[in-house]
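Participant: What follows is structure_18.cif; its format and atoms are mmCIF, C-alpha atoms.
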data_entry
#
loop_
_atom_site.label_atom_id
_atom_site.label_comp_id
_atom_site.auth_asym_id
_atom_site.auth_seq_id
_atom_site.Cartn_x
_atom_site.Cartn_y
_atom_site.Cartn_z
CA MET A 24 13.44 103.91 75.18
CA LYS A 25 12.61 106.28 72.34
CA ARG A 26 13.13 104.82 68.91
CA GLY A 27 13.54 107.01 65.85
CA SER A 28 13.18 105.36 62.46
CA LEU A 29 14.00 107.17 59.30
CA LYS A 30 14.45 106.43 55.65
CA TYR A 31 17.94 106.28 54.22
CA GLU A 32 17.49 109.45 52.13
CA GLN A 33 16.14 111.29 55.18
CA PHE A 34 19.19 110.22 57.13
CA VAL A 35 21.66 111.42 54.48
CA ARG A 36 19.88 114.77 54.33
CA TRP A 37 19.98 115.04 58.11
CA ILE A 38 23.71 114.30 58.24
CA ASP A 39 24.30 116.82 55.47
CA ARG A 40 22.40 119.46 57.45
CA ILE A 41 24.45 118.70 60.56
CA TYR A 42 27.75 119.14 58.76
CA LYS A 43 26.56 122.30 56.98
CA THR A 44 25.73 123.92 60.32
CA ALA A 45 27.45 127.29 60.69
CA ASP A 46 28.48 128.85 63.99
CA ALA A 47 25.98 131.65 63.40
CA GLU A 48 22.87 131.33 61.24
CA ALA A 49 20.09 133.71 60.26
CA ASP A 50 16.85 132.88 62.07
CA CYS A 51 13.37 132.50 60.56
CA ASP A 52 12.34 136.12 61.20
CA GLN A 53 15.48 137.48 59.52
CA VAL A 54 15.01 135.22 56.52
CA ARG A 55 11.34 136.09 56.16
CA GLY A 56 12.36 139.74 56.05
CA LEU A 57 14.71 139.05 53.14
CA VAL A 58 12.86 136.44 51.15
CA ALA A 59 10.73 138.73 48.94
CA ALA A 60 13.80 140.67 47.80
CA TYR A 61 15.63 137.41 47.14
CA VAL A 62 12.73 136.05 45.07
CA ASP A 63 12.64 139.20 42.93
CA SER A 64 16.40 139.21 42.41
CA LYS A 65 16.27 135.53 41.38
CA ILE A 66 13.54 136.29 38.86
CA THR A 67 15.44 139.24 37.40
CA ASP A 68 18.69 137.26 37.55
CA SER A 69 20.39 139.88 39.71
CA VAL A 70 21.24 137.85 42.79
CA ARG A 71 24.24 139.10 44.74
CA ASP A 72 25.21 135.83 46.38
CA PRO A 73 27.21 137.15 49.36
CA VAL A 74 24.22 139.20 50.51
CA TYR A 75 21.94 136.17 50.47
CA ALA A 76 24.37 133.52 51.71
CA PRO A 77 22.82 133.42 55.22
CA LEU A 78 19.36 133.13 53.67
CA LEU A 79 20.42 130.25 51.43
CA LEU A 80 21.96 128.41 54.35
CA HIS A 81 18.77 128.87 56.34
CA LEU A 82 16.54 127.69 53.47
CA ASP A 83 18.58 124.51 53.35
CA GLN A 84 17.95 123.91 57.05
CA CYS A 85 14.35 125.08 57.52
CA MET A 86 11.59 123.40 55.54
CA ASP A 87 8.87 125.90 56.51
CA CYS A 88 10.91 128.87 55.24
CA ASN A 89 11.92 126.88 52.18
CA GLU A 90 8.27 126.17 51.39
CA LEU A 91 7.49 129.87 51.74
CA TYR A 92 10.36 130.75 49.39
CA GLU A 93 9.35 128.21 46.74
CA SER A 94 5.71 129.28 46.82
CA LEU A 95 6.60 132.98 46.61
CA TYR A 96 8.92 132.28 43.71
CA ARG A 97 6.22 130.45 41.73
CA ILE A 98 3.67 133.22 42.34
CA ALA A 99 6.03 136.14 41.65
CA GLU A 100 7.33 134.43 38.52
CA LEU A 101 3.80 134.07 37.11
CA GLU A 102 3.21 137.77 37.76
CA ALA A 103 6.58 138.81 36.32
CA TRP A 104 6.00 136.93 33.06
CA GLY A 105 2.39 138.11 32.76
CA ASP A 106 1.19 134.50 33.07
CA MET A 107 -0.93 134.83 36.18
CA PRO A 108 -4.35 133.29 35.44
CA SER A 109 -7.56 134.88 36.70
CA ALA A 110 -8.95 133.85 40.09
CA GLY A 111 -11.75 131.95 38.35
CA VAL A 112 -9.35 129.88 36.25
CA LEU A 113 -7.16 129.17 39.26
CA PHE A 114 -10.13 128.14 41.38
CA ASP A 115 -11.23 125.72 38.65
CA ASP A 116 -7.67 124.33 38.57
CA VAL A 117 -7.72 123.79 42.32
CA ILE A 118 -11.08 122.02 42.15
CA ALA A 119 -10.04 119.94 39.14
CA GLY A 120 -7.17 118.46 41.10
CA THR A 121 -9.28 117.41 44.07
CA ASP A 122 -12.08 114.89 44.33
CA LEU A 123 -14.64 117.64 43.73
CA SER A 124 -16.46 117.99 40.43
CA ASN A 125 -19.71 119.82 41.12
CA GLY A 126 -18.97 122.49 38.54
CA GLU A 127 -19.21 125.37 40.97
CA VAL A 128 -17.98 128.60 39.45
CA TYR A 129 -15.87 130.97 41.47
CA SER A 130 -17.34 134.46 41.77
CA MET B 1 -4.94 143.67 36.37
CA ILE B 2 -4.09 147.24 37.37
CA THR B 3 -0.37 147.70 37.93
CA TYR B 4 1.23 150.12 40.36
CA THR B 5 4.80 151.05 41.15
CA ASN B 6 5.91 150.54 44.74
CA ASP B 7 5.47 154.25 45.46
CA GLU B 8 2.01 154.25 43.92
CA TRP B 9 0.96 151.31 46.10
CA LEU B 10 2.18 153.04 49.24
CA GLN B 11 0.59 156.32 48.30
CA ALA B 12 -2.76 154.82 47.35
CA LEU B 13 -2.97 152.59 50.42
CA SER B 14 -2.11 155.45 52.75
CA GLN B 15 -4.73 157.93 51.53
CA PRO B 16 -8.33 157.31 52.54
CA GLY B 17 -10.85 157.68 49.76
CA LYS B 18 -11.42 156.36 46.26
CA PRO B 19 -7.74 155.68 45.37
CA GLU B 20 -7.38 153.60 48.53
CA GLN B 21 -10.53 151.61 47.74
CA VAL B 22 -9.33 150.89 44.21
CA ALA B 23 -5.88 149.90 45.46
CA LEU B 24 -7.35 147.63 48.13
CA GLU B 25 -9.61 145.92 45.61
CA THR B 26 -6.66 145.48 43.25
CA LEU B 27 -4.47 144.13 46.03
CA ARG B 28 -7.24 141.77 47.06
CA ASP B 29 -7.31 140.36 43.53
CA TYR B 30 -3.51 139.90 43.52
CA LEU B 31 -3.65 138.11 46.89
CA LEU B 32 -6.57 135.92 45.88
CA ARG B 33 -4.70 134.74 42.80
CA ALA B 34 -1.61 134.15 44.91
CA VAL B 35 -3.41 132.00 47.46
CA LEU B 36 -5.11 130.03 44.70
CA VAL B 37 -1.73 129.36 43.06
CA TYR B 38 -0.56 128.13 46.46
CA LEU B 39 -3.61 125.88 46.88
CA ARG B 40 -3.19 124.55 43.36
CA GLU B 41 0.28 123.38 44.38
CA HIS B 42 -1.12 121.77 47.55
CA ARG B 43 -4.19 120.04 46.16
CA ASN B 44 -3.25 116.81 47.90
CA ASP B 45 -3.89 118.50 51.23
CA LEU B 46 -7.41 119.48 50.21
CA SER B 47 -8.82 115.98 50.06
CA GLY B 48 -12.27 115.92 51.62
CA TRP B 49 -12.76 119.67 51.32
CA SER B 50 -15.86 120.99 49.54
CA SER B 51 -15.53 123.73 46.94
CA ALA B 52 -17.22 126.04 49.47
CA ASP B 53 -14.51 125.12 52.02
CA ILE B 54 -11.78 126.00 49.52
CA HIS B 55 -13.52 129.24 48.58
CA GLN B 56 -13.88 130.22 52.25
CA PHE B 57 -10.29 129.24 53.04
CA ALA B 58 -8.95 131.42 50.22
CA GLU B 59 -11.17 134.37 51.17
CA ASP B 60 -10.20 134.14 54.86
CA ALA B 61 -6.49 134.00 54.04
CA VAL B 62 -6.83 137.07 51.80
CA GLN B 63 -8.81 138.99 54.39
CA GLU B 64 -6.32 138.25 57.17
CA ALA B 65 -3.38 139.05 54.91
CA LEU B 66 -4.94 142.40 53.95
CA LEU B 67 -5.26 143.32 57.63
CA SER B 68 -1.63 142.38 58.31
CA ILE B 69 -0.38 144.22 55.24
CA ARG B 70 -2.17 147.43 56.21
CA LYS B 71 -0.82 147.14 59.74
CA LYS B 72 2.75 146.58 58.51
CA LEU B 73 2.75 148.97 55.56
CA GLY B 74 5.30 151.16 57.31
CA SER B 75 7.81 148.31 57.45
CA PHE B 76 7.93 147.92 53.64
CA ARG B 77 11.35 149.22 52.64
CA GLY B 78 11.06 148.87 48.88
CA GLU B 79 13.70 146.15 48.62
CA SER B 80 11.32 144.01 46.55
CA LYS B 81 8.24 144.56 44.46
CA PHE B 82 5.36 145.53 46.70
CA THR B 83 3.28 142.60 45.47
CA THR B 84 6.03 140.06 46.23
CA TRP B 85 6.30 141.49 49.73
CA ALA B 86 2.49 141.29 50.07
CA TYR B 87 2.30 137.70 48.77
CA ARG B 88 4.43 136.66 51.71
CA PHE B 89 1.55 137.48 54.08
CA VAL B 90 -1.10 135.51 52.24
CA VAL B 91 1.14 132.50 51.58
CA ASN B 92 2.16 132.51 55.22
CA LYS B 93 -1.48 132.56 56.37
CA ALA B 94 -2.49 129.81 53.97
CA ALA B 95 0.53 127.63 54.75
CA SER B 96 0.02 127.97 58.50
CA GLU B 97 -3.65 127.06 58.32
CA LEU B 98 -3.10 124.18 55.92
CA ARG B 99 -0.35 122.71 58.10
CA ARG B 100 -2.56 123.07 61.14
CA SER B 101 -5.48 121.31 59.47
CA ARG B 102 -3.06 118.58 58.32
CA TYR B 103 -1.76 117.70 61.75
CA GLN B 104 -4.90 118.32 63.78
CA ASP B 105 -6.00 114.83 62.83
CA THR B 106 -2.72 113.13 63.62
CA SER B 107 -1.32 112.01 66.94
CA LEU B 108 1.41 114.13 68.47
CA GLU B 109 2.42 111.57 71.04
CA GLY B 110 5.58 110.81 69.05
CA LEU B 111 7.21 113.91 70.49
CA GLN B 112 6.90 112.64 74.02
CA GLY B 113 10.04 111.12 75.46
CA GLY B 114 10.32 107.56 76.67
CA GLU B 115 10.64 106.73 80.34
CA ASP B 116 14.40 106.25 80.32
CA GLY B 117 15.05 109.13 77.93
CA ASP B 118 17.29 107.09 75.60
CA LEU B 119 17.04 107.40 71.86
CA THR B 120 17.82 104.69 69.35
CA ILE B 121 17.97 105.65 65.70
CA GLY B 122 17.41 103.10 62.96
CA PHE B 123 16.34 102.83 59.34
CA SER B 124 12.72 102.17 58.49
CA ASP B 125 13.53 100.84 55.01
CA GLU B 126 15.08 97.42 54.51
CA ARG B 127 18.40 97.71 52.72
CA GLY B 128 19.70 94.12 52.56
CA LEU B 129 23.32 94.90 53.43
CA ASP B 130 26.48 92.88 53.85
CA PRO B 131 26.75 92.05 57.61
CA ASP B 132 30.06 93.96 57.99
CA VAL B 133 28.65 97.08 56.37
CA ALA B 134 25.48 96.77 58.45
CA ALA B 135 27.60 96.51 61.61
CA GLU B 136 29.60 99.61 60.67
CA GLN B 137 26.41 101.54 60.02
CA ARG B 138 24.91 100.32 63.30
CA SER B 139 28.03 101.46 65.10
CA PHE B 140 27.70 104.99 63.65
CA MET B 141 23.99 105.12 64.49
CA ASP B 142 24.79 104.11 68.06
CA LEU B 143 27.40 106.86 68.26
CA LEU B 144 24.88 109.39 66.94
CA SER B 145 22.25 108.19 69.43
CA GLN B 146 24.82 108.45 72.24
CA ILE B 147 25.81 112.01 71.27
CA ILE B 148 22.18 113.06 71.13
CA GLY B 149 21.46 111.42 74.47
CA GLU B 150 24.47 112.97 76.19
CA GLU B 151 24.76 116.39 74.58
CA LEU B 152 21.22 117.50 73.86
CA SER B 153 18.61 118.65 76.33
CA GLU B 154 15.28 116.82 76.43
CA ARG B 155 13.75 119.76 74.55
CA GLN B 156 16.42 119.63 71.85
CA GLN B 157 15.95 115.88 71.52
CA ARG B 158 12.21 116.28 71.07
CA ALA B 159 12.79 118.99 68.47
CA MET B 160 15.31 116.82 66.59
CA VAL B 161 13.03 113.79 66.61
CA GLY B 162 10.03 115.83 65.45
CA ILE B 163 11.80 117.63 62.62
CA HIS B 164 14.45 115.24 61.36
CA LEU B 165 13.15 111.79 62.24
CA GLN B 166 9.42 112.30 61.95
CA GLY B 167 9.55 114.92 59.19
CA ARG B 168 7.07 117.25 60.89
CA SER B 169 6.86 120.93 60.02
CA MET B 170 8.65 123.57 62.10
CA GLN B 171 5.28 125.12 62.91
CA GLU B 172 3.82 121.85 64.18
CA VAL B 173 6.77 121.06 66.43
CA ALA B 174 7.00 124.66 67.67
CA GLU B 175 3.33 124.58 68.68
CA GLU B 176 3.79 121.19 70.34
CA LEU B 177 6.74 122.52 72.35
CA GLU B 178 4.91 125.81 72.99
CA ILE B 179 7.68 127.96 71.57
CA THR B 180 7.95 130.25 68.55
CA ARG B 181 9.30 128.98 65.23
CA ASN B 182 12.26 131.29 65.71
CA THR B 183 13.06 129.78 69.11
CA LEU B 184 12.72 126.29 67.66
CA TYR B 185 15.17 127.18 64.90
CA LYS B 186 17.70 128.38 67.47
CA LEU B 187 17.15 125.22 69.53
CA LEU B 188 17.80 123.04 66.48
CA HIS B 189 20.76 125.13 65.39
CA ASP B 190 22.37 124.71 68.76
CA ALA B 191 21.65 120.96 68.67
CA ARG B 192 23.14 120.56 65.17
CA ARG B 193 26.22 122.53 66.22
CA LYS B 194 26.79 120.27 69.24
CA ILE B 195 26.42 117.07 67.20
CA LYS B 196 28.74 118.43 64.51
CA GLU B 197 31.38 119.34 67.10
CA ARG B 198 31.25 115.88 68.67
CA LEU B 199 31.54 114.14 65.30
CA GLN B 200 34.43 116.37 64.26
CA ALA B 201 36.15 115.77 67.60
CA ARG B 202 36.28 112.13 66.50
CA TYR B 203 37.78 113.24 63.17
CA LEU B 204 34.68 112.10 61.31
CA THR B 205 34.17 114.20 58.19
CA ILE B 206 30.96 114.17 56.17
CA GLU B 207 32.81 112.18 53.51
CA ASP B 208 33.71 109.54 56.11
CA VAL B 209 30.12 109.27 57.27
CA LEU B 210 28.63 109.12 53.79
CA ALA B 211 31.20 106.47 52.80
CA ILE B 212 29.83 104.23 55.56
CA PHE B 213 26.34 104.60 54.11
CA GLU B 214 27.11 104.39 50.38
#
How does the structure come out when it is put into structure tokens?

Facilitator:
Amino acid sequence: MKRGSLKYEQFVRWIDRIYKTADAEADCDQVRGLVAAYVDSKITDSVRDPVYAPLLLHLDQCMDCNELYESLYRIAELEAWGDMPSAGVLFDDVIAGTDLSNGEVYS
Amino acid sequence: MITYTNDEWLQALSQPGKPEQVALETLRDYLLRAVLVYLREHRNDLSGWSSADIHQFAEDAVQEALLSIRKKLGSFRGESKFTTWAYRFVVNKAASELRRSRYQDTSLEGLQGGEDGDLTIGFSDERGLDPDVAAEQRSFMDLLSQIIGEELSERQQRAMVGIHLQGRSMQEVAEELEITRNTLYKLLHDARRKIKERLQARYLTIEDVLAIFE
């Protein structure tokens, strides 16, 4: 017998996803084709919801595509606001958050 | 950072010579920053990596993304900023590789079915419930297990267990099942639709179900 154990919050999210299932849903390839435009329209506050409804439904169901969306949003937002640090600063930030501290400078 | 309009990017990247070299170097810088922002957000996954490993990982992701971008330049339709469209390639490369390195060290045997093919779903966290409430919850879990056992194919069951019960990534489960992520999504969509139909056939709304688990 297979036994699946899950945490309560995981279960509620799973049930929610089951009930939100639509008869037809956009697949990963379709969503990945739309996601950059959606990110930009979110940043410029010009989202036309009906156009992106299938994408939003998919992002709620697919964690890989959702991760891609969230990462793209963070990156594009930094660029849009002129807050994107240099590669050297970012590399130092990455190193600072790990167990590395050998002071290597990115070049 | 040099800035280009979408048209300027396309023009520069399509014309061999100095403008193309400058545009490629600029794009490389944009992509490198993007992948480093991504890695900064996923520092927990870099435990045990040397700074040289991180450097190499970022450079490889940028290089591969540049190749893909040049190959797919013709598919850019101008619906977003060119850089946002381009970031998708480098984030995708980095995310794929990071996920792969994450699960290479973990056992995948959990996706294999048991001998009798039955599935029993239960909670891993202790909730200390009233016996009547616990019985009602158990009854719903049994119903869910029964629907999954009766309505879903072995492949759909394995996909469901991997994604929803074990919390694995789509990529990991797709590779385990030797299918594309797109096919896995369709498999899961079909499975969710069947479960939903069976629950609704019993007049169980989401409110009813959540009330059992409040």

Participant: I need every residue sitting at most 10 Å from the point (3.7, 134.8, 42.6) (coordinates as in the file, only C-alpha atoms considered), written as a PDB file with C-alpha atoms, in the coordinates of the input.

Facilitator:
ATOM      1  CA  VAL A  62      12.730 136.050  45.070  1.00  0.00           C
ATOM      2  CA  ASP A  63      12.640 139.200  42.930  1.00  0.00           C
ATOM      3  CA  GLU A  93       9.350 128.210  46.740  1.00  0.00           C
ATOM      4  CA  SER A  94       5.710 129.280  46.820  1.00  0.00           C
ATOM      5  CA  LEU A  95       6.600 132.980  46.610  1.00  0.00           C
ATOM      6  CA  TYR A  96       8.920 132.280  43.710  1.00  0.00           C
ATOM      7  CA  ARG A  97       6.220 130.450  41.730  1.00  0.00           C
ATOM      8  CA  ILE A  98       3.670 133.220  42.340  1.00  0.00           C
ATOM      9  CA  ALA A  99       6.030 136.140  41.650  1.00  0.00           C
ATOM     10  CA  GLU A 100       7.330 134.430  38.520  1.00  0.00           C
ATOM     11  CA  LEU A 101       3.800 134.070  37.110  1.00  0.00           C
ATOM     12  CA  GLU A 102       3.210 137.770  37.760  1.00  0.00           C
ATOM     13  CA  ALA A 103       6.580 138.810  36.320  1.00  0.00           C
ATOM     14  CA  ASP A 106       1.190 134.500  33.070  1.00  0.00           C
ATOM     15  CA  MET A 107      -0.930 134.830  36.180  1.00  0.00           C
TER      16      MET A 107
ATOM     17  CA  TYR B  30      -3.510 139.900  43.520  1.00  0.00           C
ATOM     18  CA  LEU B  31      -3.650 138.110  46.890  1.00  0.00           C
ATOM     19  CA  ARG B  33      -4.700 134.740  42.800  1.00  0.00           C
ATOM     20  CA  ALA B  34      -1.610 134.150  44.910  1.00  0.00           C
ATOM     21  CA  VAL B  35      -3.410 132.000  47.460  1.00  0.00           C
ATOM     22  CA  VAL B  37      -1.730 129.360  43.060  1.00  0.00           C
ATOM     23  CA  TYR B  38      -0.560 128.130  46.460  1.00  0.00           C
ATOM     24  CA  THR B  83       3.280 142.600  45.470  1.00  0.00           C
ATOM     25  CA  THR B  84       6.030 140.060  46.230  1.00  0.00           C
ATOM     26  CA  ALA B  86       2.490 141.290  50.070  1.00  0.00           C
ATOM     27  CA  TYR B  87       2.300 137.700  48.770  1.00  0.00           C
ATOM     28  CA  ARG B  88       4.430 136.660  51.710  1.00  0.00           C
ATOM     29  CA  VAL B  91       1.140 132.500  51.580  1.00  0.00           C
TER      30      VAL B  91
END

Participant: Determine the residue set returned by the PyMOL selection byres ((chain B and resi 161-171) around 9) for the present structure, and present it as a PyMOL selection string.

Facilitator: (chain A and resi 27-30+33-34+36-37+85-88) or (chain B and resi 96+99-100+103+110-111+121+156-160+172-176+180-181+184-185+188)

Participant: To one decimal place in Å, what is the distance between atom CA of Phe114 of chain A and atom CA of Leu91 of chain A?

Facilitator: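 Computing it gives 20.5 Å between the two atoms.
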
Participant: For this file, the PyMOL selection byres ((chain B and resi 136-153) around 10) selects which residues, as a ChimeraX atom specification?

Facilitator: /A:26-27 /B:117-123,129,131-135,154-160,187-188,190-192,194-196,198-199,209,211-213

Participant: Can you work out which one of B:Glu207, B:Glu97, B:Glu79, B:Glu197 has the shortest atom-to-atom distance to Asp60 of chain B, counting only C-alpha atoms?

Facilitator: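 For Asp60 of chain B, the nearest of the given residues is B:Glu97.
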
Participant: Calculate how many Å separate atom CA of Arg193 of chain B from atom CA of Thr44 of chain A, rounding to one decimal.

Facilitator: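 Atom CA of Arg193 of chain B sits 6.1 Å away from atom CA of Thr44 of chain A.
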
Participant: Using only C-alpha atoms, find the one residue out of A:Gly105, A:Asp115, A:Val58, A:Ala110 that sits nearest to chain B.

Facilitator: A:Ala110

Participant: Please measure the separation of atom CA of Pro19 of chain B and atom CA of Val62 of chain B, giving the value in Å to one decimal.

Facilitator: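 Those two atoms sit 19.7 Å apart.
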
Participant: Find the residues around Val112 of chain A up to 10 Å (only C-alpha atoms counted), leave out those fewer than 3 positions away in its own chain, and share them as a ChimeraX atom specification.

Facilitator: /A:107-109,115-118,128-129 /B:33,36

Participant: Which is closest to chain A among B:Asp7, B:Val22, B:Met1, B:Asp130, if we use all atoms listed in the file?

Facilitator: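 Using all atoms listed in the file, the shortest distance to chain A belongs to B:Met1.
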
Participant: Identify which of the residues A:Ala49, A:Ala60, A:Val74, A:Val35 lies closest to chain B, counting all atoms listed in the file when measuring atom-to-atom distances.

Facilitator: A:Ala60

Participant: Using all atoms listed in the file for the distances, tell me which of B:Ile206, B:Leu66, B:Leu177, B:Ala58 is nearest to chain A.

Facilitator: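 Using all atoms listed in the file, chain A sits closest to B:Ile206.
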
Participant: Ranking A:Ile41, A:Leu78, A:Arg71, A:Leu57 by minimum distance to Ser80 of chain B and counting all atoms listed in the file, which one comes first?

Facilitator: A:Leu57

Participant: Once the PyMOL selection byres ((chain B and resi 24) around 12) has been evaluated on this model, what residues remain selected, and can you format them as JSON, numbers by chain?

Facilitator: {"B": [2, 4, 9, 10, 11, 12, 13, 14, 15, 16, 17, 18, 19, 20, 21, 22, 23, 25, 26, 27, 28, 29, 30, 31, 32, 62, 63, 65, 66, 67, 69, 70, 86]}

Participant: Need the shell around Ala45 of chain A: protein/DNA/RNA residues with any atom at most 9 Å away, counting only C-alpha atoms. Skip same-chain ones fewer than 3 positions apart. Format as a list of chain:residue names?

Facilitator: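 Here the answer would be A:Tyr42, A:Glu48, A:Leu80, B:His189, B:Arg193.
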